[in-house]
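Participant: The structure file run.txt (compact mmCIF, C-alpha atoms) is provided below.
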# COMPACT_ATOMS: atom_id res chain seq x y z
CA MET A 241 34.74 -28.09 35.11
CA ILE A 242 35.53 -25.35 37.57
CA THR A 243 39.21 -24.75 38.35
CA GLN A 244 40.62 -24.55 41.86
CA PRO A 245 41.28 -20.75 41.77
CA GLU A 246 37.73 -20.23 40.51
CA ALA A 247 36.39 -22.45 43.30
CA SER A 248 38.35 -20.47 45.88
CA ALA A 249 37.03 -17.21 44.45
CA VAL A 250 33.48 -18.52 44.68
CA LEU A 251 34.03 -19.72 48.23
CA TYR A 252 35.44 -16.33 49.20
CA ALA A 253 32.49 -14.56 47.57
CA GLY A 254 29.99 -16.42 49.71
CA ALA A 255 31.90 -15.97 52.95
CA GLY A 256 30.35 -13.57 55.41
CA ILE A 257 27.06 -13.23 53.54
CA VAL A 258 24.26 -13.66 56.04
CA SER A 259 21.80 -16.45 55.43
CA GLY A 260 18.93 -14.06 54.70
CA HIS A 261 20.83 -12.49 51.82
CA ARG A 262 21.89 -15.90 50.55
CA MET A 263 18.27 -17.02 50.49
CA LEU A 264 17.21 -13.81 48.71
CA LEU A 265 19.87 -14.26 46.03
CA VAL A 266 18.80 -17.86 45.46
CA SER A 267 15.17 -16.74 45.34
CA ILE A 268 15.95 -13.99 42.81
CA ALA A 269 17.62 -16.56 40.53
CA MET A 270 14.55 -18.78 40.88
CA ALA A 271 12.21 -15.87 40.16
CA LYS A 272 14.11 -15.03 36.99
CA HIS A 273 13.89 -18.67 35.98
CA ALA A 274 10.14 -18.52 36.54
CA LEU A 275 9.86 -15.45 34.30
CA ALA A 276 11.30 -17.48 31.44
CA LEU A 277 8.52 -20.04 31.75
CA GLU A 278 5.00 -19.94 30.41
CA GLY A 279 2.54 -18.54 32.88
CA THR A 280 -0.44 -16.33 33.50
CA ALA A 281 -0.39 -12.57 33.99
CA ASP A 282 -1.08 -13.18 37.67
CA GLN A 283 1.97 -15.41 38.07
CA ARG A 284 4.22 -13.07 36.13
CA LEU A 285 3.07 -10.00 38.04
CA LYS A 286 3.56 -11.73 41.40
CA THR A 287 7.05 -12.83 40.40
CA LEU A 288 7.98 -9.30 39.33
CA LEU A 289 6.50 -7.90 42.55
CA PHE A 290 8.67 -10.35 44.46
CA LEU A 291 11.72 -8.96 42.66
CA GLU A 292 10.55 -5.46 43.46
CA GLY A 293 10.33 -6.50 47.11
CA CYS A 294 14.01 -7.44 46.94
CA SER A 295 14.94 -4.00 45.62
CA THR A 296 16.38 -3.02 49.00
CA LEU A 297 19.38 -5.06 47.88
CA GLY A 298 19.80 -2.66 44.97
CA MET A 299 18.55 -2.81 41.42
CA ASP A 300 22.05 -3.51 40.10
CA VAL A 301 22.38 -6.45 42.50
CA ILE A 302 19.09 -7.91 41.30
CA ALA A 303 20.03 -7.30 37.67
CA ALA A 304 23.35 -9.11 38.17
CA VAL A 305 21.75 -12.38 39.28
CA ALA A 306 21.28 -14.70 36.34
CA PRO A 307 18.19 -16.90 35.94
CA ALA A 308 18.57 -20.26 37.65
CA SER A 309 19.69 -23.04 35.34
CA ALA A 310 18.06 -26.47 35.17
CA GLU A 311 20.74 -27.95 37.44
CA PHE A 312 20.36 -25.06 39.91
CA MET A 313 16.60 -25.63 39.99
CA ALA A 314 17.09 -29.38 40.42
CA ILE A 315 19.23 -28.80 43.52
CA VAL A 316 16.76 -26.30 44.98
CA SER A 317 13.79 -28.59 44.28
CA GLU A 318 15.61 -31.48 45.94
CA VAL A 319 16.40 -29.40 49.03
CA LEU A 320 12.87 -28.02 49.30
CA GLN A 321 11.60 -31.59 49.62
CA ILE A 322 13.22 -31.78 53.05
CA ASP A 323 10.25 -29.84 54.36
CA PRO A 324 7.08 -31.82 53.73
CA PRO A 325 4.46 -29.79 51.81
CA GLY A 326 2.48 -27.53 54.10
CA ALA A 327 4.41 -28.66 57.19
CA ASP A 328 6.30 -25.45 57.71
CA LYS A 329 5.78 -22.50 55.42
CA ARG A 330 8.92 -20.85 56.71
CA LEU A 331 10.93 -23.73 55.20
CA SER A 332 13.03 -23.89 58.34
CA LYS A 333 14.99 -27.01 57.42
CA SER A 334 15.46 -26.42 53.73
CA TYR A 335 16.30 -22.77 54.43
CA ASP A 336 19.22 -23.91 56.58
CA VAL A 337 20.41 -26.33 53.92
CA LEU A 338 20.06 -23.89 51.00
CA THR A 339 22.00 -21.21 52.86
CA SER A 340 24.65 -23.60 54.19
CA ASP A 341 28.22 -23.06 52.95
CA ASP A 342 28.30 -26.30 50.94
CA VAL A 343 25.06 -25.88 49.06
CA PHE A 344 25.27 -22.12 48.57
CA THR A 345 28.81 -22.46 47.20
CA ARG A 346 27.58 -25.04 44.70
CA LEU A 347 24.72 -22.74 43.69
CA MET A 348 27.17 -19.88 43.22
CA GLN A 349 29.27 -22.10 40.98
CA LEU A 350 26.18 -22.71 38.87
CA ASN A 351 25.14 -19.07 38.80
CA ALA A 352 28.05 -16.71 38.34
CA GLY A 353 25.55 -13.85 38.50
CA ILE A 354 25.17 -14.44 42.24
CA VAL A 355 28.94 -14.01 42.69
CA SER A 356 28.76 -10.75 40.71
CA ALA A 357 25.76 -9.60 42.75
CA ILE A 358 27.65 -10.22 45.99
CA ALA A 359 30.66 -8.33 44.63
CA ILE A 360 28.43 -5.35 43.78
CA ARG A 361 26.86 -5.49 47.23
CA ARG A 362 30.31 -5.71 48.88
CA ALA A 363 31.53 -2.70 46.90
CA LYS A 364 28.51 -0.72 48.13
CA TRP A 365 29.21 -1.66 51.73
CA ALA A 366 32.85 -0.69 51.33
CA ALA A 367 31.98 2.67 49.78
CA MET B 1489 15.22 2.87 71.64
CA MET B 1490 16.74 1.02 74.59
CA PRO B 1491 15.28 1.70 78.03
CA LYS B 1492 17.55 4.04 79.96
CA ASN B 1493 16.37 3.22 83.46
CA THR B 1494 17.28 -0.01 85.09
CA LYS B 1495 13.85 -0.24 86.75
CA ALA B 1496 12.26 -1.34 83.48
CA LEU B 1497 14.89 -4.04 83.11
CA GLU B 1498 14.40 -5.12 86.72
CA ASP B 1499 10.65 -5.31 86.18
CA ALA B 1500 11.20 -7.49 83.14
CA ALA B 1501 13.59 -9.79 85.02
CA ARG B 1502 11.13 -10.06 87.92
CA TYR B 1503 8.28 -10.81 85.53
CA VAL B 1504 10.01 -13.68 83.74
CA GLY B 1505 11.60 -14.92 86.97
CA ASP B 1506 8.21 -15.59 88.52
CA ILE B 1507 7.80 -18.62 86.33
CA GLY B 1508 4.79 -20.04 88.17
CA ARG B 1509 2.65 -17.11 87.03
CA LEU B 1510 3.61 -17.40 83.39
CA GLY B 1511 1.57 -19.23 80.79
CA PRO B 1512 2.51 -22.67 79.47
CA ALA B 1513 4.13 -21.34 76.30
CA MET B 1514 6.38 -18.97 78.26
CA GLN B 1515 7.24 -21.74 80.70
CA ALA B 1516 8.18 -24.03 77.81
CA LEU B 1517 10.91 -21.66 76.59
CA PRO B 1518 14.47 -22.93 77.14
CA SER B 1519 15.69 -20.17 79.46
CA ASP B 1520 14.93 -16.84 81.13
CA ASN B 1521 16.83 -15.12 78.30
CA TRP B 1522 14.29 -16.47 75.82
CA ARG B 1523 11.45 -15.32 78.10
CA LEU B 1524 13.03 -11.86 78.32
CA PHE B 1525 13.28 -11.79 74.54
CA VAL B 1526 9.54 -12.46 74.25
CA TYR B 1527 8.72 -9.94 76.99
CA HIS B 1528 10.68 -7.13 75.34
CA LEU B 1529 9.38 -8.04 71.90
CA VAL B 1530 5.77 -7.76 73.06
CA THR B 1531 6.07 -4.75 75.37
CA GLY B 1532 8.75 -2.79 73.50
CA PRO B 1533 8.16 -0.18 70.82
CA GLN B 1534 7.00 -1.69 67.54
CA GLU B 1535 9.58 -0.07 65.34
CA LYS B 1536 12.37 -1.07 63.01
CA GLY B 1537 15.04 -3.03 64.84
CA LYS B 1538 12.64 -4.37 67.46
CA LEU B 1539 14.00 -7.93 67.15
CA VAL B 1540 17.60 -6.92 67.75
CA ARG B 1541 16.51 -4.61 70.55
CA ALA B 1542 14.71 -7.49 72.26
CA LEU B 1543 17.72 -9.73 71.64
CA LEU B 1544 20.13 -7.35 73.36
CA LEU B 1545 17.77 -6.68 76.28
CA ALA B 1546 17.43 -10.43 76.72
CA GLY B 1547 21.19 -10.67 77.16
CA PHE B 1548 21.97 -12.31 73.83
CA GLY B 1549 24.35 -11.19 71.12
CA HIS B 1550 26.41 -8.61 73.00
CA ASP B 1551 29.65 -10.07 71.64
CA SER B 1552 28.32 -10.46 68.09
CA ASP B 1553 28.49 -8.10 65.15
CA ALA B 1554 25.35 -6.52 63.69
CA PRO B 1555 24.65 -9.11 60.94
CA THR B 1556 25.04 -12.00 63.40
CA ARG B 1557 22.72 -10.28 65.86
CA ALA B 1558 20.12 -9.79 63.15
CA LYS B 1559 20.38 -13.43 62.12
CA LEU B 1560 20.19 -14.67 65.71
CA ALA B 1561 17.22 -12.41 66.49
CA TRP B 1562 15.41 -13.63 63.37
CA LYS B 1563 16.08 -17.26 64.29
CA ILE B 1564 14.80 -16.89 67.86
CA ALA B 1565 11.78 -14.84 66.77
CA HIS B 1566 10.78 -17.46 64.20
CA ASP B 1567 11.24 -20.44 66.50
CA ASP B 1568 7.88 -22.15 67.04
CA ARG B 1569 8.28 -21.93 70.81
CA THR B 1570 8.82 -18.17 70.60
CA ILE B 1571 5.84 -17.72 68.28
CA SER B 1572 3.59 -19.52 70.78
CA ALA B 1573 4.95 -17.50 73.69
CA VAL B 1574 4.56 -14.19 71.84
CA SER B 1575 0.96 -15.07 71.05
CA GLU B 1576 0.31 -15.93 74.69
CA GLU B 1577 1.92 -12.76 76.02
CA THR B 1578 0.24 -10.56 73.42
CA LYS B 1579 -3.18 -11.76 74.55
CA LYS B 1580 -2.28 -10.90 78.16
CA PHE B 1581 -0.91 -7.53 77.15
CA ILE B 1582 -4.07 -6.66 75.21
CA ARG B 1583 -6.25 -7.74 78.15
CA VAL B 1584 -4.33 -5.43 80.52
CA ALA B 1585 -4.19 -2.57 78.05
CA ALA B 1586 -7.89 -2.91 77.13
CA PRO B 1587 -9.32 -0.30 79.59
CA GLU B 1588 -6.99 2.38 78.30
CA ALA B 1589 -7.66 1.48 74.69
CA ALA B 1590 -11.42 1.36 75.35
CA HIS B 1591 -11.37 4.90 76.74
CA ALA B 1592 -9.53 6.14 73.69
CA ILE B 1593 -12.03 4.44 71.40
CA LEU B 1594 -15.01 5.71 73.43
CA ASP B 1595 -13.76 9.27 72.95
CA ILE B 1596 -13.87 8.68 69.23
CA ILE B 1597 -17.41 7.23 69.41
CA ARG B 1598 -18.68 10.22 71.38
CA ASN B 1599 -17.34 12.55 68.74
CA PRO B 1600 -19.86 12.20 65.89
CA ASP B 1601 -17.60 14.09 63.51
CA HIS B 1602 -14.74 11.66 63.85
CA PRO B 1603 -14.16 9.91 60.51
CA GLN B 1604 -13.37 6.57 62.18
CA ARG B 1605 -16.53 6.58 64.35
CA ALA B 1606 -18.26 3.57 62.82
CA ARG B 1607 -15.12 1.50 62.78
CA ALA B 1608 -14.32 2.42 66.38
CA ALA B 1609 -17.79 1.40 67.51
CA ASP B 1610 -17.33 -1.90 65.76
CA ALA B 1611 -14.01 -2.36 67.50
CA VAL B 1612 -15.56 -1.80 70.92
CA LEU B 1613 -18.38 -4.26 70.23
CA ALA B 1614 -15.90 -6.86 69.14
CA ARG B 1615 -13.89 -6.45 72.30
CA VAL B 1616 -16.63 -6.58 74.96
CA ASP B 1617 -15.21 -9.60 76.71
CA PRO B 1618 -15.78 -12.05 73.86
CA VAL B 1619 -14.63 -15.01 75.94
CA GLN B 1620 -17.59 -14.82 78.35
CA THR B 1621 -20.40 -13.24 76.41
CA LEU B 1622 -19.98 -14.34 72.84
CA HIS B 1623 -19.85 -17.64 71.11
CA ARG B 1624 -16.79 -17.33 69.03
CA VAL B 1625 -16.59 -19.27 65.82
CA ASP B 1626 -13.32 -19.23 63.96
CA VAL B 1627 -13.69 -19.87 60.27
CA ALA B 1628 -10.52 -20.57 58.41
CA GLN B 1629 -10.82 -19.33 54.87
CA THR B 1630 -8.13 -18.88 52.33
CA VAL B 1631 -8.77 -16.14 49.87
CA GLU B 1632 -6.44 -16.04 46.95
CA HIS B 1633 -6.33 -12.86 44.98
CA ARG B 1634 -5.71 -13.38 41.34
CA VAL B 1635 -5.36 -10.72 38.75
CA SER B 1636 -6.40 -11.02 35.14
CA ALA B 1637 -4.48 -9.96 32.12
CA THR B 1638 -6.13 -6.56 31.85
CA PRO B 1639 -4.36 -3.73 30.01
CA ASP B 1640 -3.45 -2.17 33.39
CA VAL B 1641 -1.89 -5.41 34.61
CA LEU B 1642 0.03 -5.87 31.37
CA ALA B 1643 1.29 -2.30 31.61
CA ARG B 1644 2.39 -2.92 35.21
CA ILE B 1645 4.22 -6.09 34.15
CA GLU B 1646 5.94 -4.17 31.39
CA ALA B 1647 6.95 -1.35 33.73
CA LEU B 1648 8.31 -3.72 36.39
CA ALA B 1649 10.19 -5.79 33.82
CA GLN B 1650 11.80 -2.63 32.46
CA ARG B 1651 12.90 -1.66 35.96
CA PHE B 1652 14.85 -4.89 36.21
CA GLY B 1653 16.19 -4.65 32.69
CA LEU B 1654 14.07 -7.56 31.51
CA ASP B 1655 12.56 -7.74 28.05
CA THR B 1656 8.99 -9.04 28.13
CA ARG B 1657 9.18 -9.77 24.41
CA ALA B 1658 11.86 -12.35 25.18
CA MET B 1659 9.52 -14.04 27.67
CA PRO B 1660 6.97 -16.66 26.57
CA ALA B 1661 3.52 -15.30 25.79
CA LEU B 1662 1.14 -15.11 28.73
CA LEU B 1663 -1.30 -17.99 28.88
CA ASP B 1664 -4.21 -15.64 29.56
CA ALA B 1665 -3.14 -12.75 27.38
CA PRO B 1666 -5.99 -11.28 25.37
CA VAL B 1667 -6.02 -12.30 21.73
CA ILE B 1668 -5.95 -9.29 19.45
CA GLU B 1669 -8.01 -9.94 16.38
CA GLY B 1670 -7.36 -8.18 13.15
CA GLU B 1671 -5.86 -8.37 9.75
CA VAL B 1672 -2.23 -8.05 8.92
CA VAL B 1673 -1.78 -5.05 6.66
CA LYS B 1674 1.20 -5.43 4.39
Show me, as structure tokens, the structure contained in the file I just sent.
Facilitator:
Amino acid sequence: MITQPEASAVLYAGAGIVSGHRMLLVSIAMAKHALALEGTADQRLKTLLFLEGCSTLGMDVIAAVAPASAEFMAIVSEVLQIDPPGADKRLSKSYDVLTSDDVFTRLMQLNAGIVSAIAIRRAKWAA
Amino acid sequence: MMPKNTKALEDAARYVGDIGRLGPAMQALPSDNWRLFVYHLVTGPQEKGKLVRALLLAGFGHDSDAPTRAKLAWKIAHDDRTISAVSEETKKFIRVAAPEAAHAILDIIRNPDHPQRARAADAVLARVDPVQTLHRVDVAQTVEHRVSATPDVLARIEALAQRFGLDTRAMPALLDAPVIEGEVVK
């Protein structure tokens, strides 16, 4: 059970992070989850290339994000169902929900690595 | 780079203001600011920051900070109505710019030593008013590139994993990994 100070810290961490970065951080956690699953060389290479594509965030930021847990993945899967399959490849509705304050805060609570990644990113901006 | 002269901005405002001459997708946009956004996106320099540039020239986001501008520009640019209008305007722009482009390509064709000669000739043939003189058949085909677990691919996976501090030995075995046959020597 997360304590109130911890919840506040998580809420503060997510504040001011643009939706694009939120989505990337969620996607990185999902990609790391995918790497822990069985798959073909093609799937694994594409997942790693996706992570490489996120390297503009910084390698340390990517490294800080922990793989998505089962509960994290359950939330994301539920949200992704808002967009019917093939209806909109840009996931316009689910993108808005996943990057909303409520949902993103919950995802940060489930993946402390995202909070660390944001802290690293903030420190870089401040430097 | 933002245009320095006001004439370019006046031309843009006049263009989008003459709504009767615009195509249906441009007309369907919610406001002249949206139409200006599309206009500047299509006609402006195709360089980094083009979305925010178009946003500012369209009169949006002047009171916002940089991240908000970027987000707003992305949202407008990826709106279905904008996508349709950009497509419509791009076709017009290409049609107007065609003579100039054709001359440039013809110069290449006339120069037999130019390395891009064959490709340029192809480009000209493809652009000789296809609407009136060619039957155009669009074939939608999805080509999915898949790689196999070759030694090169496995080495690339290993290298990428190392970059991110990931240990491939901790990952499950690849489903299509080659089986190495041999005897265990104790």
Participant: Excluding Phe1652 of chain B and any residue of its chain fewer than 4 positions from it, enumerate the residues within 10 Å of it, using all atoms listed in the file, and give them as number ranges by chain.
Facilitator: A: 288, 291-292, 295, 299-304; B: 1647-1648
Participant: Residues of chain B within 7 Å of chain A, counting only C-alpha atoms - could you list those as a PyMOL selection string?
Facilitator: chain B and resi 1555+1634-1637+1645+1648-1649+1652-1653+1659-1664
Participant: So that I can see what lies close to Glu318 of chain A, please list as a PDB file with C-alpha atoms, in the frame of the given file the residues with an atom at most 12 Å from it, counting only C-alpha atoms and leaving out residues fewer than 4 positions away in the same chain.
Facilitator:
ATOM      1  CA  GLU A 311      20.740 -27.950  37.440  1.00  0.00           C
ATOM      2  CA  PHE A 312      20.360 -25.060  39.910  1.00  0.00           C
ATOM      3  CA  MET A 313      16.600 -25.630  39.990  1.00  0.00           C
ATOM      4  CA  ALA A 314      17.090 -29.380  40.420  1.00  0.00           C
ATOM      5  CA  ILE A 322      13.220 -31.780  53.050  1.00  0.00           C
ATOM      6  CA  ASP A 323      10.250 -29.840  54.360  1.00  0.00           C
ATOM      7  CA  PRO A 324       7.080 -31.820  53.730  1.00  0.00           C
ATOM      8  CA  SER A 334      15.460 -26.420  53.730  1.00  0.00           C
ATOM      9  CA  VAL A 337      20.410 -26.330  53.920  1.00  0.00           C
ATOM     10  CA  LEU A 338      20.060 -23.890  51.000  1.00  0.00           C
ATOM     11  CA  VAL A 343      25.060 -25.880  49.060  1.00  0.00           C
TER      12      VAL A 343
END
Participant: Rounded to one decimal place, report the atom CA of Thr339 of chain A-atom CA of Leu1539 of chain B distance in Å.
Facilitator: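 Interatomic distance, atom CA of Thr339 of chain A to atom CA of Leu1539 of chain B: 21.1 Å.
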Participant: In terms of the shortest atom-to-atom distance over only C-alpha atoms, which of B:Gly1505, B:Glu1535, B:Gly1511, B:Leu1497 is closest to Gly1547 of chain B?
Facilitator: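 For Gly1547 of chain B, the nearest of the candidates is B:Leu1497.
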Participant: Which is closest to Met263 of chain A among A:Leu320, A:Phe344, A:Lys333, A:Ile315, if we use all atoms listed in the file?
Facilitator: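 Using all atoms listed in the file, the shortest distance to Met263 of chain A belongs to A:Phe344.
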Participant: Figure out the distance between atom CA of His261 of chain A and atom CA of Ile354 of chain A, please, to one decimal in Å.
Facilitator: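 Interatomic distance here is 10.7 Å.
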Participant: Work out how far atom CA of Ala271 of chain A is from atom CA of Asp1655 of chain B, in Å to one decimal.
Facilitator: 14.6 Å
Participant: Given 6 Å of margin on each side, can you work out the centre and size in Å (one decimal) of an axis-aligned box holding every listed atom of segment 343-360 of chain A, as JSON?
Facilitator:
{"center_x": 27.7, "center_y": -15.6, "center_z": 43.7, "size_x": 17.9, "size_y": 32.5, "size_z": 22.7}
